[in-house]
Amino acid sequence: MISASFLTLLHIVKEFFQIGLFSFGGGYATLPFLFNLTQTYNWYNTNELAQMIAVATITPGPVGINVATYAGIKAGGLLTALIATFSEVLPAIIIGIFVSKLLKKFSDNFYVKSAIWVLKPTSCALLTYVGIKLFITNIANLHNTIGYILFGTLLTISLLKNKDPLWYILISGLAGIFAYKLGIINFS
Amino acid sequence: MDKKISLLKIFLAFLYSGLILLGGGYVILPILQTEIVKKRGWLTSEELTDYYAISQSLPGLIAINISILTGYKLRGVKGALSAVTGVTFFAFWAIVALSSVITQFTSNNYVKSAFWGIEIAVVILIISAIREMWQKSIVDIKTLVIYTIALIIMLLTNISPAIIILCSIFLGIGYKLIERMRGQI
């Protein structure tokens with residue numbers, strides 16, 4: 001892999017800073033931007049982008065960070081990946097610290113209080129919307145009885161007990177491997 | 001806060017949260033609820049849901065935004081940087097480590113089958129996050145109306161969440177101003 005030229009690095013900083021600044025609504029909101037990059041640069045093609053997204057969802061951490069790292073590696077290597085990731089996070093650091101300072105200073109301010117008051121139910125609605133979408137893609141389209149049983153069981157447990165998120169991830173991951181071993185699910 | 005929380009502790013808490021964050025940033029809420037509120041008692045549940053709502057209305061990744069807000073609350077700018085470094089650490093190094101074998105990794109049947117299960121768990125975690133947010137945000141008829149209208153708009157139209165959030169902030173402040181003028185507060 002050839003090391004990225006200085007110009008490429010500048011483009012990487014510019015593009016990923018923009019992605020960090022203009023994408024609203026989480027990692028998946030960055031995807032249209034990443035798609036546009038395939039039209040302008042030859043860092044990666046659309047097939048590689050699809051692969052990146054698949055990898056990002058099954059690796060730890062925010063999907064947006066995974067994709068920025070992978071795009072950086074494709075575009076030039078480890079240093080480029082580090083710069084791409086940092087550029088994507090930088091706007092959030094600047095804005096987050098600025099907002100934190102405002103919150104600290106104006107937490108009793110009428111406008112701040114009113115904004116938070118209305119943001120919470122709106123944010124809950126947005127989360128519900130994401131939940132519905134995810135339910136349709138991950139559960140309703142499963143077409144697998146064992147999958148439905150696993151979902152029902154885990155849901156019941158989550159309603160009755162407070163378990164660590166890690167517990168659900170481990171149990172369901174193991175259940176998936178068992179289901180594969182027993183031939184209940186297959187990938188062909 | 002009587003005693004300062006060390007930056008290393010903040011980094012480690014977010015490092016772990018980043019490690020078990022699978023299937024999208026929305027799942028960060030139940031994770032931080034467990035790690036930051038229940039296990040460590042660094043924030044109240046109320047503060048965390050406030051930060052979550054604010055994080056959704058800021059540009060960028062939700063998991064990153066909420067880590068910065070939480071880190072700042074705990075230890076200022078240094079705390080924010082520790083938290084964001086922690087939560088991104090595994091996201092970055094996992095990809096670097098896997099980058100040369102990515103095709104083999106994603107086509108491995110054990111990886112696929114484990115993730116088949118994890119995708120189910122992600123939905124459960126989102127449902128927990130919705131319940132958590134619901135308890136903290138839907139407190140009366142007014143907030144229920146806001147929730148219902150926002151959800152219906154999202155389900156029926158293609159309007160970007162950013163626009164919906166922006167409009168809701170303006171309408172909410174407008175409503176509170178009218179309420180104040182009428183002397184109801």
# chains A, B, ... in the order shown; residues from 1 in each chain; ligands from 1
>>> residues_around(residues="stretch 107-113 of chain B", least_positions_apart="4", cutoff="12 Å", atoms="only C-alpha atoms", output="PyMOL selection string")
(chain A and resi 51+54-55+57-59+147+172-188) or (chain B and resi 101-103+117-120)
>>> residues_around(residues="stretch 67-74 of chain B", least_positions_apart="6", cutoff="10 Å", atoms="only C-alpha atoms", output="MDAnalysis selection string")
(chainID A and resid 92:101 103:104) or (chainID B and resid 1 4:7 10:11 14 17:18 28 32 36 42:43 47:48 51:52 54:55 80:88)
>>> residues_around(residues="B:Ser57", least_positions_apart="6", cutoff="12 Å", atoms="only C-alpha atoms", output="ChimeraX atom specification")
/A:22-26,92,95-96,99,115-116,118-120,122-124,126 /B:50-51,65-66,160-169
>>> residues_around(residues="A:Thr85", least_positions_apart="2", cutoff="7 Å", atoms="only C-alpha atoms", output="list in words")
Ile65, Ala68, Thr69, Ala81, Leu82, Ile83, Ser87, Glu88 and Val89 of chain A
>>> write_last_selection(atoms="N, CA and C atoms", output="PDB file, in the first residue's frame")
ATOM      1  N   ILE A  65     -17.443   5.533  13.486  1.00  0.00           N
ATOM      2  CA  ILE A  65     -15.996   5.485  13.732  1.00  0.00           C
ATOM      3  C   ILE A  65     -15.380   4.316  12.959  1.00  0.00           C
ATOM      4  N   ALA A  68     -15.133   5.278   9.305  1.00  0.00           N
ATOM      5  CA  ALA A  68     -14.096   6.291   9.062  1.00  0.00           C
ATOM      6  C   ALA A  68     -12.713   5.638   9.104  1.00  0.00           C
ATOM      7  N   THR A  69     -12.510   4.751  10.080  1.00  0.00           N
ATOM      8  CA  THR A  69     -11.220   4.068  10.202  1.00  0.00           C
ATOM      9  C   THR A  69     -10.935   3.231   8.960  1.00  0.00           C
ATOM     10  N   ALA A  81      -5.934   6.518   8.537  1.00  0.00           N
ATOM     11  CA  ALA A  81      -7.095   6.058   9.300  1.00  0.00           C
ATOM     12  C   ALA A  81      -7.242   6.868  10.585  1.00  0.00           C
ATOM     13  N   LEU A  82      -6.120   7.091  11.251  1.00  0.00           N
ATOM     14  CA  LEU A  82      -6.134   7.857  12.501  1.00  0.00           C
ATOM     15  C   LEU A  82      -6.613   9.288  12.237  1.00  0.00           C
ATOM     16  N   ILE A  83      -6.120   9.872  11.163  1.00  0.00           N
ATOM     17  CA  ILE A  83      -6.493  11.245  10.821  1.00  0.00           C
ATOM     18  C   ILE A  83      -7.970  11.325  10.430  1.00  0.00           C
ATOM     19  N   SER A  87     -10.611  13.460  12.481  1.00  0.00           N
ATOM     20  CA  SER A  87     -11.325  14.540  11.803  1.00  0.00           C
ATOM     21  C   SER A  87     -12.836  14.402  11.969  1.00  0.00           C
ATOM     22  N   GLU A  88     -13.315  13.154  11.972  1.00  0.00           N
ATOM     23  CA  GLU A  88     -14.758  12.956  12.106  1.00  0.00           C
ATOM     24  C   GLU A  88     -15.242  13.295  13.518  1.00  0.00           C
ATOM     25  N   VAL A  89     -14.381  13.046  14.519  1.00  0.00           N
ATOM     26  CA  VAL A  89     -14.779  13.279  15.907  1.00  0.00           C
ATOM     27  C   VAL A  89     -14.580  14.742  16.331  1.00  0.00           C
TER      28      VAL A  89
END
>>> decode(residues="stretch 11-23 of chain A", atoms="all heavy atoms", output="CSV table (one decimal), in the first residue's frame")
chain,number,residue,atom,x,y,z
A,11,HIS,N,-7.5,16.2,1.8
A,11,HIS,CA,-8.9,15.8,1.4
A,11,HIS,C,-9.6,15.0,2.5
A,11,HIS,O,-10.8,15.2,2.8
A,11,HIS,CB,-8.9,15.0,0.1
A,11,HIS,CG,-8.6,15.9,-1.1
A,11,HIS,ND1,-9.3,17.0,-1.4
A,11,HIS,CD2,-7.7,15.8,-2.1
A,11,HIS,CE1,-8.9,17.5,-2.5
A,11,HIS,NE2,-7.9,16.8,-3.0
A,12,ILE,N,-8.9,14.1,3.1
A,12,ILE,CA,-9.4,13.2,4.1
A,12,ILE,C,-9.9,14.1,5.3
A,12,ILE,O,-11.0,13.9,5.8
A,12,ILE,CB,-8.3,12.2,4.6
A,12,ILE,CG1,-8.0,11.2,3.6
A,12,ILE,CG2,-8.7,11.6,6.0
A,12,ILE,CD1,-8.8,9.9,3.6
A,13,VAL,N,-9.0,15.0,5.7
A,13,VAL,CA,-9.4,15.9,6.9
A,13,VAL,C,-10.7,16.7,6.5
A,13,VAL,O,-11.6,16.7,7.3
A,13,VAL,CB,-8.3,16.9,7.2
A,13,VAL,CG1,-8.7,17.9,8.2
A,13,VAL,CG2,-7.1,16.1,7.7
A,14,LYS,N,-10.7,17.3,5.3
A,14,LYS,CA,-11.8,18.1,4.9
A,14,LYS,C,-13.1,17.3,4.9
A,14,LYS,O,-14.1,17.6,5.4
A,14,LYS,CB,-11.5,18.7,3.5
A,14,LYS,CG,-12.7,19.4,2.9
A,14,LYS,CD,-12.3,20.0,1.5
A,14,LYS,CE,-13.5,20.2,0.7
A,14,LYS,NZ,-13.8,19.2,-0.3
A,15,GLU,N,-13.1,16.1,4.2
A,15,GLU,CA,-14.3,15.3,4.0
A,15,GLU,C,-14.8,14.7,5.3
A,15,GLU,O,-16.0,14.8,5.6
A,15,GLU,CB,-14.0,14.1,3.0
A,15,GLU,CG,-13.7,14.6,1.6
A,15,GLU,CD,-14.8,15.3,0.9
A,15,GLU,OE1,-16.0,15.2,1.3
A,15,GLU,OE2,-14.5,16.1,-0.1
A,16,PHE,N,-13.9,14.2,6.2
A,16,PHE,CA,-14.4,13.6,7.4
A,16,PHE,C,-14.8,14.6,8.4
A,16,PHE,O,-15.7,14.4,9.2
A,16,PHE,CB,-13.4,12.5,7.9
A,16,PHE,CG,-13.5,11.3,7.1
A,16,PHE,CD1,-12.7,11.0,6.0
A,16,PHE,CD2,-14.4,10.3,7.5
A,16,PHE,CE1,-12.8,9.9,5.3
A,16,PHE,CE2,-14.5,9.1,6.7
A,16,PHE,CZ,-13.7,8.9,5.6
A,17,PHE,N,-14.1,15.8,8.4
A,17,PHE,CA,-14.6,16.9,9.3
A,17,PHE,C,-16.0,17.3,8.9
A,17,PHE,O,-16.9,17.4,9.8
A,17,PHE,CB,-13.6,18.1,9.2
A,17,PHE,CG,-13.9,19.1,10.2
A,17,PHE,CD1,-13.4,19.1,11.4
A,17,PHE,CD2,-14.7,20.2,9.8
A,17,PHE,CE1,-13.6,20.0,12.4
A,17,PHE,CE2,-15.0,21.2,10.8
A,17,PHE,CZ,-14.4,21.1,12.1
A,18,GLN,N,-16.3,17.3,7.6
A,18,GLN,CA,-17.6,17.7,7.1
A,18,GLN,C,-18.6,16.6,7.5
A,18,GLN,O,-19.7,17.0,7.9
A,18,GLN,CB,-17.6,17.8,5.6
A,18,GLN,CG,-17.2,19.2,5.1
A,18,GLN,CD,-17.3,19.3,3.6
A,18,GLN,OE1,-17.7,18.4,2.9
A,18,GLN,NE2,-16.8,20.4,3.1
A,19,ILE,N,-18.2,15.4,7.4
A,19,ILE,CA,-19.2,14.3,7.8
A,19,ILE,C,-19.5,14.5,9.3
A,19,ILE,O,-20.7,14.4,9.7
A,19,ILE,CB,-18.5,12.9,7.5
A,19,ILE,CG1,-18.4,12.7,6.0
A,19,ILE,CG2,-19.4,11.8,8.1
A,19,ILE,CD1,-17.7,11.4,5.6
A,20,GLY,N,-18.5,14.7,10.1
A,20,GLY,CA,-18.7,14.9,11.5
A,20,GLY,C,-19.6,16.1,11.9
A,20,GLY,O,-20.4,16.1,12.8
A,21,LEU,N,-19.5,17.1,11.0
A,21,LEU,CA,-20.2,18.3,11.3
A,21,LEU,C,-21.6,18.3,10.7
A,21,LEU,O,-22.5,18.9,11.3
A,21,LEU,CB,-19.4,19.5,10.6
A,21,LEU,CG,-19.8,20.9,10.9
A,21,LEU,CD1,-19.8,21.2,12.4
A,21,LEU,CD2,-19.0,21.9,10.2
A,22,PHE,N,-21.9,17.6,9.7
A,22,PHE,CA,-23.2,17.7,9.0
A,22,PHE,C,-24.1,16.5,9.1
A,22,PHE,O,-25.2,16.5,8.7
A,22,PHE,CB,-23.0,18.1,7.5
A,22,PHE,CG,-22.5,19.4,7.3
A,22,PHE,CD1,-21.3,19.6,6.7
A,22,PHE,CD2,-23.1,20.6,7.9
A,22,PHE,CE1,-20.7,20.9,6.5
A,22,PHE,CE2,-22.5,21.8,7.7
A,22,PHE,CZ,-21.3,22.0,7.0
A,23,SER,N,-23.6,15.4,9.7
A,23,SER,CA,-24.5,14.2,9.8
A,23,SER,C,-25.2,14.3,11.1
A,23,SER,O,-24.6,14.3,12.2
A,23,SER,CB,-23.6,12.9,9.7
A,23,SER,OG,-22.7,12.9,10.7
